[in-house]
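Structure record follows, encoded as structure tokens.
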Amino acid sequence: MVPRSLLNLNTFRVDHSCRSISYTNSSNDLVDLAKTINKPIIVGGGSNILFVDDVDRDVIVINHEGIEVIKTTNKYVYIRVQAGTNWHQLVLWAIENDLGGIENLSLIPGKCGAAPMQNIGAYGVELKNVFVELECVKIGTGERWVLHKEDCLFGYRESIFKGELKDKVIIDNITLKLTTNSNHTLNRDYGIINDKLDDLKVKKPTIKDISDVIIDIRKSKLPDPKEYPNAGSFFKNPIISTVKLKSLKSTYKYIPSYVIDNDSVKVPAGWLIDKAGWKGKQINGVGTYKHQALVIVNHSARSGKEILEFSKLIQDDVLEKYGIKIEREVNVY
Ligand SMILES: Cc1cc2nc3c(=O)[nH]c(=O)nc-3n(C[C@H](O)[C@H](O)[C@H](O)COP(=O)(O)OP(=O)(O)OC[C@H]3O[C@@H](n4cnc5c(N)ncnc54)[C@H](O)[C@@H]3O)c2cc1C
């Protein structure tokens, strides 16, 4: 078998190879491939994957698309979305149809089938806020399986698909519950959204206004993978105890934190990495983005191994400086 290049299947743009690449054009294709391919690697848009070496495995790329309205009530519209649908195209579809719930998740790269993997989130909203259920297919048997919201064990950038069901199922479609415009409350918890709306003198924002503002903010903050190959936030924001935060504050007076509950807070990993001196730093063609230290950029590394090694240097340094272990958000193969 001739090895196939993964270059166009990962936004880090590393050119490793795999045994073979198959594409799904329908849900039936997915079942057939799930039955016949042993231990496949599933790829959507490749925007949250790091290949560290050539892989002796077969890859299935999820391409089947489609958005279908399955139920409407006075308040809600339920939609079933095929896994290969581009996420941002879904957001634009919702806006066109005057449906609220996912506008804060505008411009997140990738496909809808990957969205439950890490319960995608941004600007105060997570997938789980609109998620109803999904249908997946078991690898090995091709058996279909419906998982409801509570089965998916969604957490901060977490789900059962990164734990117990890792490499065991392929997500075929997801069902979301969007809210009709007149019943929808816009989420403006993030101050920067309100600041931007004020700048634009928008007094009564619409669903589209929120999406436009978020697109604007994201474009100004995050590097475009086409120009700076990256996979978004490389690490999750760590959750630490309030006791730990208090002790850190004696050295780092201005450390930002967000309350999780009485005993714990979330600390921005980007701040920790930045203050440890890593912002814009480059080693062997790999660096952190000059405007956001949480994003690792592949400037010229040929192997994903170099990206992984660079990320480990950051993890070690953060552990040494603050006593905090930061975990990877990106999926490594
Ligand atoms: C510039 C940039 C900004 C980003 N911003 C955000 C953000 O704000 N919030 C956020 O949450 N994420 C963000 N991300 C990360 C990424 O966009 C999301 O995680 C997205 O959901 C990944 O989709 P994908 O199709 O590219 O998944 P891939 O990278 O192809 O896959 C990711 C993981 O999901 C698995 N997978 C993919 N599809 C399926 C399927 N159908 N069934 C089973 N497993 C599957 C893969 O095997 C892999 O483990 C960002 C990434 C970039 C590059």
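By order in the structure tokens, chains are A, B, ...; within a chain, residues start at 1; ligands start at 1, following the order shown.
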
- Message: Could you list, as a ChimeraX atom specification, every residue within 7 Å of Gly110 of chain A, counting only C-alpha atoms and ignoring same-chain residues fewer than 4 positions away?
- Response: /A:44-47,86-87

Determine, for each residue of chain A having at least one atom at most 7 Å from an atom of ligand 1, the closest pair of atoms and their separation in Å to one decimal, counting only C-alpha atoms and all ligand atoms; order by chain and ascending number, as a tab-separated table.
residue	atom	partner	partner_atom_place_in_ligand_line	distance
A:Asn10	CA	ligand 1	29 (O)	6.9
A:Thr11	CA	ligand 1	53 (C)	6.3
A:Ile41	CA	ligand 1	47 (O)	5.6
A:Ile42	CA	ligand 1	47 (O)	4.1
A:Val43	CA	ligand 1	30 (O)	3.8
A:Gly44	CA	ligand 1	30 (O)	3.4
A:Gly45	CA	ligand 1	26 (O)	3.3
A:Gly46	CA	ligand 1	29 (O)	3.3
A:Ser47	CA	ligand 1	26 (O)	3.6
A:Asn48	CA	ligand 1	29 (O)	3.5
A:Ile49	CA	ligand 1	29 (O)	4.5
A:Ile62	CA	ligand 1	41 (N)	6.0
A:Ala83	CA	ligand 1	41 (N)	5.3
A:Leu105	CA	ligand 1	8 (O)	6.9
A:Ile108	CA	ligand 1	5 (N)	4.9
A:Pro109	CA	ligand 1	17 (O)	4.0
A:Gly110	CA	ligand 1	26 (O)	3.4
A:Lys111	CA	ligand 1	25 (O)	3.8
A:Cys112	CA	ligand 1	25 (O)	6.6
A:Gly113	CA	ligand 1	41 (N)	3.9
A:Ala114	CA	ligand 1	38 (N)	3.9
A:Ala115	CA	ligand 1	21 (O)	4.1
A:Met117	CA	ligand 1	34 (O)	5.5
A:Gln118	CA	ligand 1	19 (O)	6.2
A:Asn119	CA	ligand 1	11 (O)	6.4
A:Ile120	CA	ligand 1	11 (O)	3.2
A:Gly121	CA	ligand 1	11 (O)	4.3
A:Ala122	CA	ligand 1	8 (O)	4.7
A:Arg157	CA	ligand 1	11 (O)	6.5
A:Val169	CA	ligand 1	43 (C)	6.0
A:Ile170	CA	ligand 1	42 (N)	3.7
A:Ile171	CA	ligand 1	42 (N)	3.7
A:Asp172	CA	ligand 1	41 (N)	5.8
A:Leu222	CA	ligand 1	1 (C)	5.8
A:Pro223	CA	ligand 1	1 (C)	5.9
A:Asp224	CA	ligand 1	1 (C)	5.8
A:Pro225	CA	ligand 1	53 (C)	5.9
A:Asn230	CA	ligand 1	53 (C)	5.4
A:Ala231	CA	ligand 1	53 (C)	3.6
A:Gly232	CA	ligand 1	52 (C)	3.5
A:Ser233	CA	ligand 1	50 (C)	6.4
A:Asn331	CA	ligand 1	49 (O)	5.1

- Query: Can you tell me how far atom CA of Leu9 of chain A sits from atom CA of Arg302 of chain A, in Å to one decimal?
  - Reply: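 Computing it gives 14.8 Å between the two atoms.
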
- Query: Counting only C-alpha atoms, which of A:Ser159, A:Asn28, A:Ser250, A:Thr242 gets nearest to Asp263 of chain A?
  - Reply: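 The shortest atom-to-atom distance to Asp263 of chain A comes from A:Thr242.
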
- Item | strand (DSSP E) positions in segment 80-274 of chain A, given as number ranges by chain | A: 80-82, 99-100, 121-122, 125-126, 131-138, 144-148, 169-180, 230-233, 239-241, 258-259, 264-266

Residues as selected, C-alpha atoms, written as a PDB file, in the first residue's frame, can you do that?
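Everything below was put into part_37.pdb:
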ATOM      1  CA  ARG A  80     -30.186  17.334  12.667  1.00  0.00           C
ATOM      2  CA  VAL A  81     -26.783  18.114  11.201  1.00  0.00           C
ATOM      3  CA  GLN A  82     -24.553  15.620   9.394  1.00  0.00           C
ATOM      4  CA  LEU A  99     -32.324  31.137  15.099  1.00  0.00           C
ATOM      5  CA  GLY A 100     -30.293  31.796  18.211  1.00  0.00           C
ATOM      6  CA  GLY A 121     -16.942  26.629  23.449  1.00  0.00           C
ATOM      7  CA  ALA A 122     -16.265  30.330  23.093  1.00  0.00           C
ATOM      8  CA  VAL A 125     -21.385  29.491  25.217  1.00  0.00           C
ATOM      9  CA  GLU A 126     -20.641  25.795  24.839  1.00  0.00           C
ATOM     10  CA  PHE A 131     -27.121  19.975  22.283  1.00  0.00           C
ATOM     11  CA  VAL A 132     -29.915  17.368  22.337  1.00  0.00           C
ATOM     12  CA  GLU A 133     -28.438  14.067  21.114  1.00  0.00           C
ATOM     13  CA  LEU A 134     -26.169  12.501  18.545  1.00  0.00           C
ATOM     14  CA  GLU A 135     -26.062   9.370  16.488  1.00  0.00           C
ATOM     15  CA  CYS A 136     -22.793   7.530  16.231  1.00  0.00           C
ATOM     16  CA  VAL A 137     -21.603   4.288  14.716  1.00  0.00           C
ATOM     17  CA  LYS A 138     -19.549   1.702  16.574  1.00  0.00           C
ATOM     18  CA  ARG A 144     -25.804   2.683  15.148  1.00  0.00           C
ATOM     19  CA  TRP A 145     -26.133   4.177  18.625  1.00  0.00           C
ATOM     20  CA  VAL A 146     -27.966   7.250  19.934  1.00  0.00           C
ATOM     21  CA  LEU A 147     -26.401   9.130  22.840  1.00  0.00           C
ATOM     22  CA  HIS A 148     -28.405  11.791  24.665  1.00  0.00           C
ATOM     23  CA  VAL A 169     -17.266   5.353  17.804  1.00  0.00           C
ATOM     24  CA  ILE A 170     -17.649   7.700  14.855  1.00  0.00           C
ATOM     25  CA  ILE A 171     -20.155  10.521  15.199  1.00  0.00           C
ATOM     26  CA  ASP A 172     -22.560  10.485  12.251  1.00  0.00           C
ATOM     27  CA  ASN A 173     -24.916  13.382  13.052  1.00  0.00           C
ATOM     28  CA  ILE A 174     -25.831  15.735  15.886  1.00  0.00           C
ATOM     29  CA  THR A 175     -29.201  17.151  16.938  1.00  0.00           C
ATOM     30  CA  LEU A 176     -29.338  20.698  18.278  1.00  0.00           C
ATOM     31  CA  LYS A 177     -32.141  22.793  19.726  1.00  0.00           C
ATOM     32  CA  LEU A 178     -32.014  26.400  18.503  1.00  0.00           C
ATOM     33  CA  THR A 179     -34.267  29.169  19.785  1.00  0.00           C
ATOM     34  CA  THR A 180     -36.529  31.315  17.640  1.00  0.00           C
ATOM     35  CA  ASN A 230      -1.986  26.210  14.249  1.00  0.00           C
ATOM     36  CA  ALA A 231      -4.773  24.355  16.025  1.00  0.00           C
ATOM     37  CA  GLY A 232      -6.196  27.166  18.169  1.00  0.00           C
ATOM     38  CA  SER A 233      -5.626  26.943  21.929  1.00  0.00           C
ATOM     39  CA  ILE A 239      -8.723  24.744  37.174  1.00  0.00           C
ATOM     40  CA  ILE A 240      -7.019  25.270  40.533  1.00  0.00           C
ATOM     41  CA  SER A 241      -8.151  25.539  44.147  1.00  0.00           C
ATOM     42  CA  TYR A 258     -12.767  33.047  37.006  1.00  0.00           C
ATOM     43  CA  VAL A 259     -14.855  31.484  39.728  1.00  0.00           C
ATOM     44  CA  SER A 264     -12.042  26.361  42.604  1.00  0.00           C
ATOM     45  CA  VAL A 265     -11.207  28.885  39.910  1.00  0.00           C
ATOM     46  CA  LYS A 266     -10.150  28.740  36.268  1.00  0.00           C
TER      47      LYS A 266
END

- Straight-line distance linking atom CA of Leu33 of chain A with atom CA of Met1 of chain A, stated in Å to one decimal: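 Distance reported for this atom pair: 17.5 Å.
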
- Item | Per-residue DSSP, segment 107-314 of chain A, filtered to alpha helix (DSSP H), as number ranges by chain | A: 191-199, 207-221, 242-249, 269-275, 304-314

- Message: Neighbouring residues of segment 314-321 of chain A were defined as those with any atom within 8 Å, considering only C-alpha atoms; residues of the same chain fewer than 6 positions away were excluded. Please report them as a ChimeraX atom specification.
- Response: /A:272-273,276,278,327

Would you put the residues from that selection into a file with C-alpha atoms, as a CSV table (one decimal), in the first residue's frame?
chain,number,residue,atom,x,y,z
A,272,LEU,CA,0.5,31.9,32.7
A,273,ILE,CA,2.5,31.1,29.5
A,276,ALA,CA,6.5,32.9,31.9
A,278,TRP,CA,6.9,32.4,26.1
A,327,GLU,CA,-3.2,19.8,29.9

- Task: Might you pull out every residue within 9 Å of Lys168 of chain A, with only C-alpha atoms counted and same-chain residues fewer than 3 positions away left off, and present them as a list in words?
- Result: Lys39, Val137, Lys138, Ile139, Gly140, Phe161, Glu164 and Leu165 of chain A

Could you build a table of the residues in segment 12-107 of chain A lying no more than 10 Å from segment 199-207 of chain A, giving for each the nearest pair of atoms and their separation in Å rounded to one decimal place, using only C-alpha atoms, ordered by chain and ascending residue number, as a tab-separated table?
residue	atom	partner	partner_atom	distance
A:Ala94	CA	A:Ile207	CA	9.3
A:Ile95	CA	A:Ile207	CA	6.6
A:Glu96	CA	A:Ile207	CA	9.6
A:Asp98	CA	A:Ile207	CA	7.3
A:Leu99	CA	A:Ile207	CA	7.7
A:Gly100	CA	A:Ile207	CA	6.3
A:Gly101	CA	A:Ile207	CA	8.7
A:Ile102	CA	A:Ile207	CA	9.1
A:Glu103	CA	A:Ile207	CA	6.4
A:Asn104	CA	A:Ile207	CA	9.0
